[in-house]
Amino acid sequence: MKTPTLRTSTISAKRSHNRFAYVLLLPALILFFVAFVVPIVYSIVLSVFSRRSDGGGAFAPKQDVFVWFENYAGVLADPTFWAGLQRLGIYSLFMVPILVILSIALALLLDLPKVKLRAFSRMAIFLPYGVPSVIAALMWGFLYVPAISPIYQIGEAFGLDFPPLLRGDLIYTAIINVVLWGGIGFNTIIVYTALQSLPKELIDAARIDGCNEFTIARYVKLPHIVPATILTGLFSVIGALQVYSEPQMLSTLTTAINSTFFPLMRVYRDAFAHDDLNSAATASIILAVATVLLSLLVVGIRTLITRRSSHAIQD
């Protein structure tokens with residue numbers, strides 16, 4: 001008779017713990033539902049409706065009309081949307097590899113055994129990440145303006161003619177520089193943390209075998225941080241698709257950036273300048289789907305590389 005009683009009390013205790021766990025999770029679940037699920041559902045609803053007037057002139061009241069996928073067809077047929085995607089592709093093509101490669105390089109440099117001022121270097125690399133992107137864009141934007149930039153003034157004093165970064169295709173360089181300055185610290189810390197989990201015995205054994213630091217980094221450290229590298233690549237891809245603050249702030253200082261330069265800027269224009277929430281929601285859904293698909297692609301590549309590495313180790 002004691003065994004069933006003990007088992008019943010154990011099951012009751014587990015259920016009580018589960019209920020308490022759900023109670024603790026409830027605030028986070030409510031916040032997730034309100035801040036994440038509700039906006040997505042509302043955006044989907046807006047994307048299949050359109051506000052139209054029944055007649056009576058420009059001041060006639062407008063009503064929401066269910067239009068199925070008409071908004072999606074309109075966004076996909078808009079040349080400004082595709083032009084923004086093209087510019088976003090050019091920006092991502094340069095920004096993502098540079099960000100990942102520099103993050104790996106800085107992490108490897110911080111992991112060197114005889115590096116000086118290691119703590120200060122980590123803080124100096126990570127500190128720009130704490131600066132809001134709006135402030136960073138404005139700060140760098142004023143450094144890009146030749147009339148007020150000390151960099152251009154010093155160059156002029158020494159007879160150097162620096163190219164104007166706020167004109168023409170060099171605007172990509174200006175935007176990438178701001179994003180790199182603000183985001184490289186976060187990615188570097190991720191890779192550096194992965195390096196700290198590498199068993200020291202492997203590195204010591206490589207040094208005993210006569211390997212230099214470059215050989216150790218190539219054949220011991222880099223294979224170990226492949227998952228962290230792919231993770232930084234995933235963050236970089238998502239960040240590239242969501243770039244908004246930097247070009248939006250720089251657009252106040254140059255005519256090279258218009259209101260549809262990147263897709264999210266077009267969303268902002270439709271929502272707040274044209275008062276067309278339906279078109280803005282539609283473009284947002286399209287970008288969200290593209291972000292999810294690219295994220296799944298990166299995760300799939302990570303899984304494939306991890307499996308091949310595990311098979312290679314077993315063989």
# chains A, B, ... in the order shown; residues from 1 in each chain; ligands from 1
>>> residues_around(residues="stretch 69-82 of chain A", least_positions_apart="6", cutoff="8 Å", atoms="only C-alpha atoms", output="list in words")
Ser47, Val48, Phe49, Ser50, Thr260, Pro263, Arg266, Asn278, Ser279, Thr282 and Ala283 of chain A
>>> write_last_selection(atoms="N, CA and C atoms", output="PDB file, in the first residue's frame")
ATOM      1  N   SER A  47      -3.006  43.189 -44.737  1.00  0.00           N
ATOM      2  CA  SER A  47      -2.477  42.931 -46.072  1.00  0.00           C
ATOM      3  C   SER A  47      -3.525  42.410 -47.044  1.00  0.00           C
ATOM      4  N   VAL A  48      -4.645  41.908 -46.537  1.00  0.00           N
ATOM      5  CA  VAL A  48      -5.683  41.388 -47.432  1.00  0.00           C
ATOM      6  C   VAL A  48      -6.880  42.331 -47.500  1.00  0.00           C
ATOM      7  N   PHE A  49      -6.744  43.531 -46.934  1.00  0.00           N
ATOM      8  CA  PHE A  49      -7.791  44.535 -47.019  1.00  0.00           C
ATOM      9  C   PHE A  49      -7.236  45.788 -47.698  1.00  0.00           C
ATOM     10  N   SER A  50      -8.149  46.638 -48.150  1.00  0.00           N
ATOM     11  CA  SER A  50      -7.773  47.912 -48.759  1.00  0.00           C
ATOM     12  C   SER A  50      -8.845  48.936 -48.420  1.00  0.00           C
ATOM     13  N   THR A 260      12.627  55.333 -50.747  1.00  0.00           N
ATOM     14  CA  THR A 260      12.462  53.912 -51.062  1.00  0.00           C
ATOM     15  C   THR A 260      13.807  53.237 -51.303  1.00  0.00           C
ATOM     16  N   PRO A 263      13.894  48.434 -48.680  1.00  0.00           N
ATOM     17  CA  PRO A 263      12.484  48.048 -48.535  1.00  0.00           C
ATOM     18  C   PRO A 263      11.812  48.567 -47.269  1.00  0.00           C
ATOM     19  N   ARG A 266      10.687  52.013 -47.629  1.00  0.00           N
ATOM     20  CA  ARG A 266       9.448  52.083 -48.411  1.00  0.00           C
ATOM     21  C   ARG A 266       8.241  51.772 -47.532  1.00  0.00           C
ATOM     22  N   ASN A 278      -2.173  49.333 -45.498  1.00  0.00           N
ATOM     23  CA  ASN A 278      -2.360  48.033 -46.150  1.00  0.00           C
ATOM     24  C   ASN A 278      -1.153  47.661 -47.010  1.00  0.00           C
ATOM     25  N   SER A 279      -0.669  48.619 -47.798  1.00  0.00           N
ATOM     26  CA  SER A 279       0.519  48.363 -48.608  1.00  0.00           C
ATOM     27  C   SER A 279       1.753  48.155 -47.743  1.00  0.00           C
ATOM     28  N   THR A 282       1.614  44.708 -46.256  1.00  0.00           N
ATOM     29  CA  THR A 282       1.896  43.702 -47.274  1.00  0.00           C
ATOM     30  C   THR A 282       3.399  43.571 -47.523  1.00  0.00           C
ATOM     31  N   ALA A 283       4.066  44.699 -47.703  1.00  0.00           N
ATOM     32  CA  ALA A 283       5.514  44.661 -47.912  1.00  0.00           C
ATOM     33  C   ALA A 283       6.222  44.086 -46.691  1.00  0.00           C
TER      34      ALA A 283
END
>>> residues_around(residues="stretch 287-296 of chain A", least_positions_apart="4", cutoff="12 Å", atoms="only C-alpha atoms", output="PyMOL selection string")
chain A and resi 40+43-44+72+75-76+81-82+84-85+88+230-243+262-264+266-267+280-283+300-303
>>> residues_around(residues="stretch 107-117 of chain A", least_positions_apart="3", cutoff="7 Å", atoms="only C-alpha atoms", output="list in words")
Ser103, Ile104, Phe120, Ser121, Thr188, Val191 and Tyr192 of chain A
>>> write_last_selection(atoms="C-alpha atoms", output="PDB file, in the first residue's frame")
ATOM      1  CA  SER A 103      34.455  39.207 -36.363  1.00  0.00           C
ATOM      2  CA  ILE A 104      36.435  35.988 -36.745  1.00  0.00           C
ATOM      3  CA  PHE A 120      40.420  46.791 -22.656  1.00  0.00           C
ATOM      4  CA  SER A 121      40.393  45.469 -26.217  1.00  0.00           C
ATOM      5  CA  THR A 188      33.103  39.176 -32.146  1.00  0.00           C
ATOM      6  CA  VAL A 191      33.002  33.928 -31.768  1.00  0.00           C
ATOM      7  CA  TYR A 192      35.382  34.739 -28.899  1.00  0.00           C
TER       8      TYR A 192
END
>>> closest_residue(among="A:Tyr244, A:Ile257, A:Thr229, A:Asp270", to="A:Val299", atoms="only C-alpha atoms")
A:Thr229
>>> residues_around(residues="stretch 161-174 of chain A", least_positions_apart="5", cutoff="12 Å", atoms="only C-alpha atoms", output="ChimeraX atom specification")
/A:87-95,98,136-147,149-156,179-181,246-247,249-258,261-262
>>> atom_distance(atom1="atom CA of A:Thr215", atom2="atom CA of A:Leu195")
15.2 Å
>>> closest_residue(among="A:Val23, A:Ala28, A:Ala35, A:Val178", to="A:Val134", atoms="only C-alpha atoms")
A:Val178
>>> select_by_dssp(residues="stretch 103-311 of chain A", states="helix (DSSP H, G or I)", output="number ranges by chain")
A: 103-110, 118-130, 133-144, 150-157, 168-196, 200-208, 213-224, 226-241, 245-250, 263-273, 277-311
>>> write_last_selection(atoms="C-alpha atoms", output="compact mmCIF listing (two decimals), in the first residue's frame")
# COMPACT_ATOMS: atom_id res chain seq x y z
CA SER A 103 34.46 39.21 -36.36
CA ILE A 104 36.43 35.99 -36.75
CA ALA A 105 39.70 37.89 -37.21
CA LEU A 106 39.19 40.06 -34.13
CA ALA A 107 38.14 37.06 -32.03
CA LEU A 108 41.26 35.15 -33.07
CA LEU A 109 43.44 38.15 -32.25
CA LEU A 110 41.84 38.48 -28.81
CA ARG A 118 42.91 41.94 -23.51
CA ALA A 119 40.11 43.26 -21.26
CA PHE A 120 40.42 46.79 -22.66
CA SER A 121 40.39 45.47 -26.22
CA ARG A 122 37.23 43.45 -25.59
CA MET A 123 35.53 46.49 -24.10
CA ALA A 124 36.67 48.77 -26.95
CA ILE A 125 35.37 46.34 -29.58
CA PHE A 126 32.04 45.72 -27.85
CA LEU A 127 31.37 49.30 -26.68
CA PRO A 128 30.03 50.63 -30.04
CA TYR A 129 27.32 47.96 -29.90
CA GLY A 130 25.81 49.82 -26.94
CA SER A 133 22.02 53.02 -34.28
CA VAL A 134 20.35 56.40 -34.72
CA ILE A 135 23.09 58.17 -32.76
CA ALA A 136 25.81 56.19 -34.54
CA ALA A 137 24.38 57.12 -37.95
CA LEU A 138 24.17 60.82 -37.07
CA MET A 139 27.68 60.81 -35.59
CA TRP A 140 29.22 59.17 -38.65
CA GLY A 141 27.00 61.21 -40.95
CA PHE A 142 28.50 64.47 -39.72
CA LEU A 143 31.97 62.97 -40.22
CA TYR A 144 30.98 62.27 -43.84
CA PRO A 150 37.42 67.17 -39.16
CA ILE A 151 38.61 64.22 -41.24
CA TYR A 152 38.10 66.09 -44.50
CA GLN A 153 39.55 69.28 -43.01
CA ILE A 154 42.72 67.47 -41.85
CA GLY A 155 43.02 65.80 -45.25
CA GLU A 156 42.66 69.16 -46.98
CA ALA A 157 45.38 70.63 -44.76
CA GLY A 168 26.79 58.06 -55.80
CA ASP A 169 27.59 54.43 -55.18
CA LEU A 170 29.94 55.35 -52.32
CA ILE A 171 26.82 55.70 -50.18
CA TYR A 172 26.99 51.91 -49.71
CA THR A 173 30.43 52.34 -48.15
CA ALA A 174 29.05 54.96 -45.77
CA ILE A 175 26.16 52.74 -44.65
CA ILE A 176 28.30 49.59 -44.32
CA ASN A 177 30.85 51.47 -42.22
CA VAL A 178 28.18 52.62 -39.74
CA VAL A 179 26.65 49.13 -39.47
CA LEU A 180 30.04 47.47 -39.05
CA TRP A 181 31.12 49.91 -36.37
CA GLY A 182 27.99 49.25 -34.35
CA GLY A 183 27.53 45.52 -34.91
CA ILE A 184 30.97 43.96 -35.10
CA GLY A 185 31.40 43.88 -31.31
CA PHE A 186 28.40 41.62 -30.74
CA ASN A 187 29.51 39.10 -33.38
CA THR A 188 33.10 39.18 -32.15
CA ILE A 189 32.02 38.32 -28.60
CA ILE A 190 30.01 35.35 -29.91
CA VAL A 191 33.00 33.93 -31.77
CA TYR A 192 35.38 34.74 -28.90
CA THR A 193 33.10 32.93 -26.43
CA ALA A 194 33.14 29.88 -28.71
CA LEU A 195 36.93 29.98 -28.72
CA GLN A 196 36.98 29.94 -24.92
CA LYS A 200 43.27 23.98 -23.88
CA GLU A 201 44.84 20.52 -24.17
CA LEU A 202 44.38 20.59 -27.95
CA ILE A 203 46.12 23.94 -28.26
CA ASP A 204 48.94 22.88 -25.93
CA ALA A 205 49.40 19.66 -27.90
CA ALA A 206 49.58 21.62 -31.16
CA ARG A 207 52.21 23.95 -29.68
CA ILE A 208 54.26 20.97 -28.45
CA GLU A 213 49.69 30.48 -33.94
CA PHE A 214 48.58 30.78 -37.57
CA THR A 215 48.55 27.00 -38.01
CA ILE A 216 46.69 26.54 -34.73
CA ALA A 217 44.11 29.12 -35.76
CA ARG A 218 43.59 27.47 -39.15
CA TYR A 219 43.49 23.79 -38.22
CA VAL A 220 42.36 23.80 -34.57
CA LYS A 221 40.41 26.96 -33.77
CA LEU A 222 38.53 27.64 -37.00
CA PRO A 223 36.96 24.14 -37.29
CA HIS A 224 35.83 24.44 -33.66
CA VAL A 226 32.09 26.76 -37.31
CA PRO A 227 28.70 26.73 -35.49
CA ALA A 228 29.40 30.15 -33.95
CA THR A 229 30.49 31.47 -37.35
CA ILE A 230 27.28 30.30 -38.98
CA LEU A 231 25.32 31.86 -36.11
CA THR A 232 27.00 35.21 -36.70
CA GLY A 233 26.23 34.82 -40.39
CA LEU A 234 22.58 34.23 -39.54
CA PHE A 235 22.46 37.34 -37.36
CA SER A 236 24.19 39.32 -40.10
CA VAL A 237 21.71 38.21 -42.78
CA ILE A 238 18.72 39.07 -40.57
CA GLY A 239 20.28 42.42 -39.68
CA ALA A 240 20.93 43.18 -43.35
CA LEU A 241 17.29 42.57 -44.25
CA SER A 245 17.91 53.41 -38.98
CA GLU A 246 21.29 54.02 -40.59
CA PRO A 247 20.11 54.91 -44.12
CA GLN A 248 17.10 56.78 -42.76
CA MET A 249 19.32 59.05 -40.65
CA LEU A 250 21.88 59.50 -43.42
CA PRO A 263 12.48 48.05 -48.54
CA LEU A 264 11.87 49.01 -44.90
CA MET A 265 12.17 52.67 -45.83
CA ARG A 266 9.45 52.08 -48.41
CA VAL A 267 7.30 50.49 -45.70
CA TYR A 268 7.78 53.57 -43.53
CA ARG A 269 6.87 55.87 -46.43
CA ASP A 270 3.68 53.97 -47.22
CA ALA A 271 2.57 53.79 -43.60
CA PHE A 272 3.32 57.30 -42.38
CA ALA A 273 3.76 59.50 -45.46
CA LEU A 277 -1.15 50.85 -43.92
CA ASN A 278 -2.36 48.03 -46.15
CA SER A 279 0.52 48.36 -48.61
CA ALA A 280 3.01 48.79 -45.76
CA ALA A 281 1.71 45.66 -44.03
CA THR A 282 1.90 43.70 -47.27
CA ALA A 283 5.51 44.66 -47.91
CA SER A 284 6.34 43.84 -44.28
CA ILE A 285 4.86 40.34 -44.62
CA ILE A 286 6.86 39.74 -47.82
CA LEU A 287 10.08 40.83 -46.09
CA ALA A 288 9.27 38.69 -43.05
CA VAL A 289 8.75 35.61 -45.23
CA ALA A 290 12.04 36.31 -47.04
CA THR A 291 13.82 36.65 -43.69
CA VAL A 292 12.42 33.33 -42.46
CA LEU A 293 13.39 31.54 -45.67
CA LEU A 294 16.95 32.89 -45.59
CA SER A 295 17.23 32.01 -41.90
CA LEU A 296 16.11 28.44 -42.62
CA LEU A 297 18.66 28.28 -45.43
CA VAL A 298 21.47 29.35 -43.09
CA VAL A 299 20.30 26.89 -40.40
CA GLY A 300 20.18 24.13 -43.01
CA ILE A 301 23.73 24.92 -44.10
CA ARG A 302 24.82 24.84 -40.46
CA THR A 303 23.18 21.45 -39.93
CA LEU A 304 24.81 20.05 -43.07
CA ILE A 305 28.26 21.28 -42.07
CA THR A 306 27.84 19.94 -38.52
CA ARG A 307 26.83 16.51 -39.80
CA ARG A 308 29.76 16.37 -42.20
CA SER A 309 32.14 17.38 -39.41
CA SER A 310 30.77 14.70 -37.09
CA HIS A 311 31.04 12.06 -39.81
>>> atom_distance(atom1="atom CA of A:Arg19", atom2="atom CA of A:Phe33")
19.6 Å
